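Listing of target-v2.cif; format and content: mmCIF, C-alpha atoms.
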```
data_model
loop_
_atom_site.label_atom_id
_atom_site.label_comp_id
_atom_site.auth_asym_id
_atom_site.auth_seq_id
_atom_site.Cartn_x
_atom_site.Cartn_y
_atom_site.Cartn_z
CA MET L 159 0.00 0.00 0.00
CA THR L 160 1.44 3.37 -1.00
CA ALA L 161 1.75 6.48 1.15
CA ALA L 162 -0.63 8.31 -1.19
CA ARG L 163 -3.28 5.66 -0.61
CA ILE L 164 -2.95 5.87 3.17
CA ILE L 165 -2.95 9.64 3.34
CA ALA L 166 -5.73 9.99 0.74
CA PRO L 167 -9.40 10.50 1.66
CA LEU L 168 -11.39 7.44 2.68
CA GLY L 169 -13.32 7.09 -0.57
CA LYS L 170 -16.96 6.17 -0.77
CA LEU L 171 -19.19 6.10 2.28
CA ASN L 172 -20.45 2.59 3.01
CA ARG L 173 -21.31 0.42 6.01
CA ARG L 174 -17.85 -1.17 6.19
CA ASN L 175 -16.08 2.20 6.23
CA ILE L 176 -18.47 3.55 8.86
CA PHE L 177 -17.87 0.56 11.16
CA MET L 178 -14.11 0.78 10.60
CA PHE L 179 -14.13 4.47 11.52
CA LEU L 180 -16.16 3.79 14.68
CA ALA L 181 -13.70 1.04 15.65
CA ILE L 182 -10.69 3.33 15.13
CA LEU L 183 -12.41 6.38 16.69
CA GLY L 184 -10.86 7.62 19.91
CA PRO L 185 -7.23 8.79 20.05
CA GLY L 186 -7.68 11.86 17.82
CA ILE L 187 -10.98 13.07 19.25
CA ILE L 188 -9.97 12.43 22.87
CA THR L 189 -6.53 14.07 22.58
CA ALA L 190 -7.83 17.22 20.88
CA ASN L 191 -10.81 17.68 23.22
CA VAL L 192 -8.84 17.09 26.42
CA ASP L 193 -6.81 20.11 25.36
CA ASN L 194 -9.87 22.23 26.21
CA ASP L 195 -9.04 21.66 29.87
CA ALA L 196 -9.21 23.98 32.86
CA GLY L 197 -6.10 25.87 31.78
CA GLY L 198 -7.37 26.04 28.22
CA ILE L 199 -10.83 27.25 29.17
CA THR L 200 -9.24 29.85 31.45
CA THR L 201 -6.95 31.02 28.64
CA TYR L 202 -9.77 31.25 26.06
CA SER L 203 -12.01 32.99 28.62
CA LEU L 204 -9.30 35.55 29.38
CA ALA L 205 -8.68 36.06 25.65
CA GLY L 206 -12.33 36.93 25.08
CA ALA L 207 -12.78 38.92 28.29
CA GLN L 208 -9.58 40.99 27.94
CA PHE L 209 -9.22 41.36 24.17
CA GLY L 210 -12.78 40.90 22.90
CA LEU L 211 -12.85 39.43 19.38
CA SER L 212 -9.48 40.89 18.38
CA LEU L 213 -7.59 37.59 18.80
CA LEU L 214 -10.28 35.39 17.25
CA TRP L 215 -8.46 35.31 13.88
CA ILE L 216 -5.72 33.21 15.47
CA MET L 217 -8.10 30.24 15.61
CA LEU L 218 -8.01 29.55 11.85
CA PRO L 219 -4.21 29.21 11.39
CA THR L 220 -4.00 27.42 14.75
CA THR L 221 -6.58 24.88 13.54
CA ILE L 222 -4.49 24.14 10.44
CA ALA L 223 -1.32 23.78 12.53
CA LEU L 224 -3.12 21.55 15.06
CA VAL L 225 -4.40 19.17 12.35
CA VAL L 226 -0.94 18.94 10.75
CA VAL L 227 0.89 18.33 14.03
CA GLN L 228 -1.57 15.72 15.35
CA GLU L 229 -1.72 13.95 11.97
CA MET L 230 2.07 13.71 11.97
CA CYS L 231 2.31 11.99 15.34
CA ALA L 232 -0.65 9.69 14.60
CA ARG L 233 1.03 8.69 11.33
CA MET L 234 4.33 8.01 13.13
CA GLY L 235 2.52 5.80 15.62
CA ALA L 236 0.69 3.84 12.91
CA VAL L 237 3.77 3.36 10.71
CA THR L 238 6.39 2.60 13.40
CA GLY L 239 4.25 1.02 16.13
CA LYS L 240 6.24 3.12 18.63
CA GLY L 241 5.49 6.12 20.81
CA LEU L 242 7.14 9.52 20.30
CA ALA L 243 9.32 9.25 23.41
CA ASP L 244 10.46 5.81 22.22
CA LEU L 245 11.53 7.23 18.87
CA ILE L 246 13.30 10.20 20.49
CA ARG L 247 15.29 7.84 22.74
CA GLU L 248 16.26 5.57 19.85
CA SER L 249 17.26 8.44 17.55
CA PHE L 250 18.78 11.00 19.92
CA GLY L 251 20.02 8.91 22.85
CA VAL L 252 19.16 8.58 26.53
CA LYS L 253 20.79 11.85 27.69
CA ILE L 254 18.73 14.12 25.42
CA THR L 255 15.61 12.07 26.13
CA PHE L 256 16.15 12.48 29.88
CA TYR L 257 16.27 16.29 29.63
CA VAL L 258 13.22 16.36 27.35
CA MET L 259 11.32 14.15 29.81
CA ILE L 260 12.24 16.39 32.78
CA ALA L 261 11.06 19.52 30.95
CA LEU L 262 7.79 17.85 29.96
CA LEU L 263 7.28 16.40 33.45
CA LEU L 264 7.52 19.84 35.05
CA THR L 265 5.27 21.37 32.38
CA ASN L 266 2.65 18.67 32.76
CA LEU L 267 2.76 18.81 36.55
CA GLY L 268 1.72 22.47 36.32
CA ASN L 269 -0.99 21.50 33.82
CA THR L 270 -2.30 18.71 36.08
CA VAL L 271 -2.41 21.05 39.08
CA SER L 272 -4.53 23.40 36.96
CA GLU L 273 -7.02 20.57 36.27
CA PHE L 274 -7.64 20.07 39.99
CA ALA L 275 -7.90 23.84 40.34
CA GLY L 276 -10.64 23.64 37.69
CA ILE L 277 -12.43 20.88 39.61
CA ALA L 278 -12.30 22.98 42.79
CA ALA L 279 -13.43 26.20 41.07
CA SER L 280 -16.31 24.63 39.15
CA MET L 281 -17.72 22.75 42.15
CA GLU L 282 -17.45 25.82 44.37
CA LEU L 283 -19.90 27.47 41.95
CA PHE L 284 -22.37 24.78 43.04
CA GLY L 285 -21.53 25.31 46.74
CA VAL L 286 -19.20 22.28 47.13
CA SER L 287 -15.98 22.85 49.09
CA LYS L 288 -12.68 22.07 47.39
CA TYR L 289 -11.77 19.96 50.43
CA LEU L 290 -14.51 17.56 49.33
CA SER L 291 -14.49 17.88 45.52
CA VAL L 292 -10.72 17.61 44.98
CA PRO L 293 -10.09 14.41 47.03
CA LEU L 294 -13.20 12.75 45.55
CA GLY L 295 -12.13 13.80 42.06
CA ALA L 296 -8.62 12.45 42.61
CA VAL L 297 -9.93 9.09 43.83
CA ALA L 298 -12.38 8.82 40.90
CA VAL L 299 -9.61 9.58 38.38
CA TRP L 300 -7.26 7.05 40.00
CA LEU L 301 -9.86 4.28 40.08
CA LEU L 302 -10.88 4.81 36.45
CA ILE L 303 -7.34 4.53 35.10
CA VAL L 304 -5.84 1.98 37.49
CA LYS L 305 -8.83 -0.36 37.67
CA GLY L 306 -10.27 0.17 34.17
CA SER L 307 -9.22 -1.32 30.83
CA TYR L 308 -8.20 0.79 27.84
CA ARG L 309 -11.57 0.09 26.17
CA ILE L 310 -13.57 1.26 29.22
CA VAL L 311 -11.39 4.33 29.72
CA GLU L 312 -11.71 5.32 26.07
CA LYS L 313 -15.52 5.00 26.15
CA VAL L 314 -15.73 7.20 29.26
CA PHE L 315 -13.51 9.79 27.58
CA LEU L 316 -15.60 9.80 24.39
CA VAL L 317 -18.79 10.42 26.40
CA ALA L 318 -17.03 13.28 28.22
CA CYS L 319 -16.30 14.91 24.83
CA LEU L 320 -20.06 15.33 24.28
CA VAL L 321 -20.41 17.64 27.29
CA TYR L 322 -18.39 20.34 25.50
CA VAL L 323 -21.59 21.28 23.66
CA ALA L 324 -22.27 23.43 26.76
CA TYR L 325 -19.95 26.15 25.43
CA PRO L 326 -21.54 26.68 21.99
CA VAL L 327 -24.92 26.86 23.75
CA ALA L 328 -23.56 29.44 26.22
CA ALA L 329 -22.14 31.46 23.31
CA PHE L 330 -25.49 31.57 21.49
CA MET L 331 -27.21 32.60 24.72
CA SER L 332 -24.81 35.55 24.98
CA GLY L 333 -26.31 36.98 21.75
CA PRO L 334 -23.17 38.24 19.96
CA ASP L 335 -23.14 40.17 16.69
CA TRP L 336 -22.43 37.26 14.34
CA GLY L 337 -21.40 39.55 11.49
CA GLU L 338 -18.75 41.04 13.74
CA VAL L 339 -17.71 37.55 14.86
CA LEU L 340 -17.31 36.37 11.25
CA THR L 341 -15.19 39.39 10.34
CA ALA L 342 -12.96 38.96 13.40
CA SER L 343 -12.50 35.28 12.51
CA VAL L 344 -10.86 35.97 9.15
CA VAL L 345 -9.45 39.51 9.37
CA PRO L 346 -6.29 39.76 11.52
CA ASP L 347 -6.33 42.46 14.17
CA VAL L 348 -2.72 42.43 15.32
CA HIS L 349 -1.96 43.96 18.72
CA VAL L 350 1.76 43.78 19.51
CA THR L 351 1.74 44.52 23.23
CA PRO L 352 3.34 42.48 26.02
CA SER L 353 -0.04 41.16 27.22
CA ALA L 354 -1.22 40.36 23.67
CA VAL L 355 2.01 38.52 22.80
CA THR L 356 1.79 36.49 26.01
CA MET L 357 -1.86 35.70 25.28
CA MET L 358 -1.06 34.59 21.73
CA ILE L 359 1.59 32.21 23.08
CA GLY L 360 -0.92 30.97 25.65
CA ILE L 361 -3.59 30.36 22.99
CA ILE L 362 -1.17 28.45 20.77
CA GLY L 363 0.28 26.57 23.76
CA THR L 364 -3.11 25.50 25.10
CA THR L 365 -4.39 24.54 21.63
CA ILE L 366 -1.29 22.58 20.53
CA ALA L 367 0.06 21.50 23.93
CA PRO L 368 3.30 19.44 23.90
CA TRP L 369 1.75 16.56 25.89
CA MET L 370 -0.80 16.00 23.09
CA GLN L 371 1.76 14.68 20.64
CA PHE L 372 3.03 12.08 23.10
CA TYR L 373 -0.43 10.98 24.23
CA GLN L 374 -1.86 10.82 20.70
CA GLN L 375 0.98 8.67 19.38
CA ALA L 376 0.95 6.40 22.44
CA SER L 377 -2.84 5.95 22.11
CA VAL L 378 -2.54 5.03 18.42
CA VAL L 379 0.08 2.42 19.32
CA GLU L 380 -1.84 1.01 22.30
CA LYS L 381 -5.01 0.74 20.24
CA GLY L 382 -3.13 -1.27 17.63
CA ILE L 383 -3.75 1.10 14.70
CA THR L 384 -1.46 0.27 11.76
CA LYS L 385 -0.64 1.86 8.42
CA GLU L 386 -3.19 -0.43 6.74
CA ASN L 387 -6.12 1.26 8.53
CA TYR L 388 -4.48 4.62 9.11
CA ALA L 389 -6.87 6.56 6.82
CA PHE L 390 -9.62 6.10 9.45
CA SER L 391 -7.30 7.30 12.21
CA ARG L 392 -6.48 10.38 10.12
CA LEU L 393 -10.19 11.20 9.93
CA ASP L 394 -10.39 10.72 13.71
CA VAL L 395 -7.62 13.33 14.09
CA ILE L 396 -9.32 15.84 11.78
CA VAL L 397 -12.74 15.48 13.44
CA GLY L 398 -11.19 15.81 16.92
CA CYS L 399 -9.20 18.93 16.02
CA ILE L 400 -12.23 20.66 14.48
CA MET L 401 -14.37 19.81 17.54
CA ALA L 402 -11.75 21.23 19.89
CA ILE L 403 -11.32 24.47 17.95
CA VAL L 404 -15.09 24.98 17.65
CA VAL L 405 -15.38 24.76 21.46
CA ALA L 406 -12.46 27.18 21.94
CA PHE L 407 -13.99 29.56 19.37
CA PHE L 408 -17.32 29.69 21.22
CA ILE L 409 -15.66 30.23 24.60
CA VAL L 410 -13.90 33.32 23.23
CA VAL L 411 -17.13 34.53 21.58
CA ALA L 412 -19.20 34.02 24.74
CA CYS L 413 -16.75 36.02 26.89
CA ALA L 414 -16.09 38.69 24.24
CA GLY L 415 -19.78 39.36 23.63
CA THR L 416 -20.57 39.81 27.31
CA ILE L 417 -17.70 40.23 29.77
CA PHE L 418 -15.43 42.29 27.47
CA LYS L 419 -18.26 44.67 26.50
CA SER L 420 -19.35 45.15 30.10
CA GLY L 421 -15.78 45.83 31.27
CA VAL L 422 -15.91 43.22 34.05
CA ARG L 423 -12.47 42.01 35.15
CA ILE L 424 -11.99 38.23 35.46
CA GLU L 425 -9.01 36.08 36.33
CA THR L 426 -10.28 32.51 35.96
CA ALA L 427 -12.82 30.46 34.01
CA ALA L 428 -14.91 30.30 37.20
CA ASP L 429 -14.94 34.11 37.31
CA ALA L 430 -16.13 34.03 33.70
CA ALA L 431 -19.00 31.72 34.63
CA LEU L 432 -20.07 34.01 37.48
CA ALA L 433 -19.75 37.12 35.31
CA LEU L 434 -22.19 35.65 32.80
CA THR L 435 -25.04 35.54 35.36
CA PRO L 436 -26.04 39.23 35.36
CA LEU L 437 -25.21 39.57 31.65
CA VAL L 438 -26.91 36.51 30.19
CA GLY L 439 -28.62 34.53 32.95
CA LYS L 440 -28.04 31.72 35.42
CA TYR L 441 -28.44 29.00 32.80
CA ALA L 442 -25.39 30.22 30.87
CA THR L 443 -23.44 30.28 34.14
CA THR L 444 -24.52 26.71 34.92
CA LEU L 445 -23.55 25.51 31.43
CA PHE L 446 -20.16 27.20 31.72
CA ALA L 447 -19.57 25.64 35.16
CA ILE L 448 -20.63 22.15 34.01
CA GLY L 449 -18.31 22.44 31.02
CA LEU L 450 -15.43 23.52 33.27
CA PHE L 451 -15.96 20.59 35.67
CA ASN L 452 -16.21 18.08 32.83
CA ALA L 453 -13.09 19.45 31.15
CA SER L 454 -11.15 19.44 34.42
CA ILE L 455 -12.00 15.88 35.50
CA PHE L 456 -11.49 14.66 31.92
CA ALA L 457 -8.04 16.24 31.63
CA ALA L 458 -7.11 15.22 35.20
CA CYS L 459 -7.28 11.65 33.85
CA VAL L 460 -5.45 12.21 30.58
CA LEU L 461 -2.64 14.63 31.53
CA PRO L 462 -1.00 12.48 34.22
CA LEU L 463 -1.68 9.46 32.01
CA SER L 464 0.13 11.09 29.07
CA THR L 465 3.03 12.00 31.39
CA ALA L 466 3.31 8.40 32.59
CA TYR L 467 3.17 7.23 28.97
CA TYR L 468 6.01 9.35 27.61
CA ILE L 469 8.32 9.03 30.63
CA CYS L 470 7.99 5.23 30.68
CA GLU L 471 8.47 5.14 26.90
CA GLY L 472 11.51 7.39 27.12
CA LEU L 473 13.12 5.31 29.85
CA GLY L 474 12.13 1.94 28.37
CA TRP L 475 9.74 0.88 31.16
CA GLU L 476 6.57 -1.18 30.76
CA LEU L 477 3.42 0.90 30.27
CA GLY L 478 -0.26 0.71 29.36
CA VAL L 479 -3.72 1.03 30.90
CA ASP L 480 -4.41 -2.64 30.14
CA LYS L 481 -1.54 -3.69 32.43
CA ASP L 482 -1.58 -3.73 36.24
CA PHE L 483 0.76 -2.62 39.05
CA ARG L 484 2.78 -5.85 38.89
CA GLU L 485 3.32 -5.63 35.13
CA ALA L 486 3.98 -1.87 34.92
CA PRO L 487 4.83 -0.58 38.43
CA GLN L 488 6.68 2.57 37.30
CA PHE L 489 3.81 3.54 34.98
CA PHE L 490 1.10 3.30 37.65
CA TRP L 491 3.19 4.70 40.51
CA LEU L 492 4.13 7.73 38.40
CA PHE L 493 0.46 8.25 37.49
CA THR L 494 -0.54 7.94 41.16
CA LEU L 495 2.19 10.34 42.33
CA LEU L 496 1.19 13.00 39.80
CA ILE L 497 -2.44 12.89 40.94
CA ALA L 498 -1.53 12.96 44.63
CA VAL L 499 0.89 15.90 44.29
CA SER L 500 -1.42 17.91 42.00
CA ALA L 501 -4.48 17.44 44.21
CA GLY L 502 -2.38 18.18 47.31
CA VAL L 503 -1.18 21.52 45.91
CA ILE L 504 -4.78 22.66 45.40
CA LEU L 505 -5.62 21.88 49.02
CA LEU L 506 -2.78 24.11 50.28
CA PRO L 507 -4.14 27.42 51.67
CA GLY L 508 -3.16 30.37 49.49
CA ALA L 509 -1.89 28.31 46.54
CA PRO L 510 -1.45 30.65 43.50
CA LEU L 511 -4.03 28.80 41.37
CA ILE L 512 -4.60 31.58 38.84
CA ALA L 513 -0.90 31.92 38.10
CA ILE L 514 -0.50 28.14 37.81
CA MET L 515 -3.42 27.78 35.37
CA TYR L 516 -2.43 30.58 33.01
CA VAL L 517 1.36 30.35 33.23
CA SER L 518 1.23 26.59 32.56
CA GLN L 519 -0.37 27.31 29.17
CA VAL L 520 2.24 29.95 28.29
CA VAL L 521 4.99 27.46 29.22
CA ASN L 522 3.28 24.93 26.92
CA GLY L 523 3.65 27.40 24.07
CA ALA L 524 7.31 28.05 24.85
CA VAL L 525 8.15 24.30 24.99
CA LEU L 526 6.11 23.38 21.88
CA PRO L 527 8.66 24.41 19.20
CA PHE L 528 11.32 22.10 20.64
CA VAL L 529 8.95 19.10 20.62
CA LEU L 530 7.97 19.93 17.04
CA ILE L 531 11.62 20.08 15.97
CA PHE L 532 12.16 16.53 17.26
CA MET L 533 8.99 15.40 15.49
CA LEU L 534 9.99 16.99 12.19
CA ILE L 535 13.43 15.39 12.23
CA LEU L 536 11.89 11.97 12.98
CA ILE L 537 9.02 12.10 10.48
CA ASN L 538 11.36 13.15 7.66
CA ASP L 539 13.80 10.31 8.37
CA LYS L 540 13.26 7.69 5.66
CA ARG L 541 14.97 5.03 7.79
CA ILE L 542 12.10 5.40 10.28
CA MET L 543 9.15 6.36 8.08
CA GLY L 544 10.09 4.92 4.70
CA GLU L 545 7.70 6.25 2.05
CA TYR L 546 5.48 7.87 4.71
CA VAL L 547 7.73 10.86 5.34
CA ASN L 548 6.16 14.33 5.35
CA LYS L 549 5.04 16.05 2.19
CA ALA L 550 6.35 19.56 1.50
CA THR L 551 3.07 21.21 2.56
CA PHE L 552 3.12 19.57 6.00
CA ASN L 553 6.77 20.51 6.52
CA THR L 554 6.08 24.13 5.55
CA ILE L 555 3.15 24.47 7.98
CA ALA L 556 4.96 22.70 10.84
CA TRP L 557 8.20 24.69 10.43
CA ALA L 558 6.21 27.94 10.15
CA THR L 559 4.54 27.06 13.48
CA VAL L 560 7.96 26.50 15.05
CA VAL L 561 9.34 29.82 13.79
CA ILE L 562 6.25 31.86 14.75
CA VAL L 563 6.07 30.48 18.30
CA LEU L 564 9.83 30.88 18.79
CA CYS L 565 9.61 34.53 17.66
CA LEU L 566 6.68 35.25 19.98
CA THR L 567 8.49 33.54 22.89
CA LEU L 568 11.63 35.56 22.17
CA LEU L 569 9.59 38.77 22.14
CA MET L 570 7.94 37.86 25.44
CA THR L 571 11.28 36.93 27.05
CA LEU L 572 13.03 40.12 25.90
CA ASP L 573 10.16 42.23 27.24
CA LEU L 574 10.40 40.46 30.60
CA VAL L 575 14.18 40.98 30.79
CA PHE L 576 14.06 44.50 29.33
CA PRO L 577 10.68 46.01 30.31
CA GLY L 578 9.33 48.22 27.54
CA PHE L 579 11.21 46.37 24.78
CA ILE L 580 8.04 45.63 22.76
CA ALA L 581 6.82 49.23 23.07
CA LEU L 582 10.24 50.48 21.92
CA LEU L 583 10.20 48.00 19.01
CA MET L 584 6.76 49.22 17.91
CA GLY L 585 7.86 52.89 18.19
CA ARG L 586 5.57 53.70 21.11
#
```

Taking this structure as input, can you express it in the form of structure tokens?
Amino acid sequence: MTAARIIAPLGKLNRRNIFMFLAILGPGIITANVDNDAGGITTYSLAGAQFGLSLLWIMLPTTIALVVVQEMCARMGAVTGKGLADLIRESFGVKITFYVMIALLLTNLGNTVSEFAGIAASMELFGVSKYLSVPLGAVAVWLLIVKGSYRIVEKVFLVACLVYVAYPVAAFMSGPDWGEVLTASVVPDVHVTPSAVTMMIGIIGTTIAPWMQFYQQASVVEKGITKENYAFSRLDVIVGCIMAIVVAFFIVVACAGTIFKSGVRIETAADAALALTPLVGKYATTLFAIGLFNASIFAACVLPLSTAYYICEGLGWELGVDKDFREAPQFFWLFTLLIAVSAGVILLPGAPLIAIMYVSQVVNGAVLPFVLIFMLILINDKRIMGEYVNKATFNTIAWATVVIVLCLTLLMTLDLVFPGFIALLMGR
């Protein structure tokens, strides 16, 4: 079977193709939708509340980049039968892999803490103390992953994806000017200020988070997807990415059409939910809060799971949800430790939850280019991928993403080191 055949569209719609797609369905949709987690919802809410619709145009190029990046790692998993961390270790050696794993571990720990912050914030909107919701959430997450099989876990995750419909509904309830929304979606409104640059990095980092590439590829491998049925997995990736971006789009629209116009200041997604009450009504607030809780508990499962996947892959340890503590002790102990530490941080009085949730997404954006560089080197290596190496279009989009995010990160860093650098650069 040729690369063109595998990467080509599925062909005619028939019962066999539909059943094959449903059998393959999972890794792409789950990975993309988990990215709309507590940190992501907070970032999108802040983007809409602080900048209105002016950053909405970023969604279109980010969608293209997201599809390309996730397709690349799914293709690597299907063709090689190995996870991304596995391939990095084999191609670049243990030393480089170790440093990559440490950087990703610290990044994901911050992300996982933000998920439990989301659980606490969303349940407090319903009058439930974080000292009850966080421990119960941690236990539920642990039991699902440690005691469940891959098939059960995947089905639970797919059902959780459906709850994201709460955000489009909340956006329509906010009654935005859809003509204005459409214009903002396609016409760039570039604001080069320190806060706007940081927000752009945060949006890119929360939409194309580094952990996604590792989890997606590991899921493709664990599910047993091969190059023979990869076309269905590719469709899974595309559908998942579009779903995720649609949700993100409506979160920005909902907050821009209400909170930004009213001038209310918010700092978290929970603040956004509360701010919607006097502007739209309690039902929009409830929908926003339900969406935040679902996203937080969903991602609290997947983020530590993805971390356990790539660290065990990188270090050559046994891994997999279908195994148990005796077969994969490092995998399950690492997963358990991440949940315990993350939940514990949230229960500390005075923990800087807002900073953790937002900064973790900005760090995602800063780390992303380096993960993409490894991916691009691997997927263009004919010894690894054979005839399934990247086409020129995919390389152009992926390298452009690397360069753009690196430039934005450099701008942000220079402005932090030399306050006023961006203003000086823009002649202000």

Notebook entry, point to check: Using all atoms listed in the file, which of the listed residues (L:Phe330, L:Trp300, L:Phe528, L:Tyr373) sits closest to Phe407 in chain L?
Noted result: L:Phe330

Margin query: Quick check on the file I pasted: which residues fall under the PyMOL selection byres ((chain L and resi 261) around 12)? Write them as a ChimeraX atom specification.
Written below: /L:254-260,262-268,368-369,465,468-469,521-522,524-526,528-529

Margin query: I'd like the interatomic distance between CA of Val271 in chain L and CA of Ser500 in chain L, to a tenth of an Å.
Written below: 4.4 Å

Selection in question (the file shown): the PyMOL selection byres ((chain L and resi 274-288) around 6). Which residues does it include, as a tab-separated table (two decimals) with C-alpha atoms, in the frame of the given file?
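expr-v8.tsv, written as the output of this step:
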```
chain	number	residue	atom	x	y	z
L	196	ALA	CA	-9.21	23.98	32.86
L	271	VAL	CA	-2.41	21.05	39.08
L	272	SER	CA	-4.53	23.40	36.96
L	273	GLU	CA	-7.02	20.57	36.27
L	289	TYR	CA	-11.77	19.96	50.43
L	290	LEU	CA	-14.51	17.56	49.33
L	291	SER	CA	-14.49	17.88	45.52
L	292	VAL	CA	-10.72	17.61	44.98
L	428	ALA	CA	-14.91	30.30	37.20
L	447	ALA	CA	-19.57	25.64	35.16
L	451	PHE	CA	-15.96	20.59	35.67
L	454	SER	CA	-11.15	19.44	34.42
L	501	ALA	CA	-4.48	17.44	44.21
```

Item checked: One-decimal distance in Å that lies between CA of Ile361 in chain L and CA of Tyr202 in chain L -> 7.0 Å

Checklist line | Computed interatomic separation between CA of Cys470 in chain L and CA of Gln488 in chain L (Å) | finding: 7.3 Å

Note to self: Is it possible to get the residues within 10 Å of (1.6, 12.4, 6.1) (coordinates as in the file, counting only C-alpha atoms) written as a list in words?
What the structure shows: Ala161, Ala162, Ile164, Ile165, Ala166, Val226, Val227, Glu229, Met230, Cys231, Ala232, Arg233, Met234, Arg392, Ile537, Asn538, Met543, Glu545, Tyr546, Val547, Asn548, Lys549, Ala550, Thr551, Phe552 and Asn553 of chain L
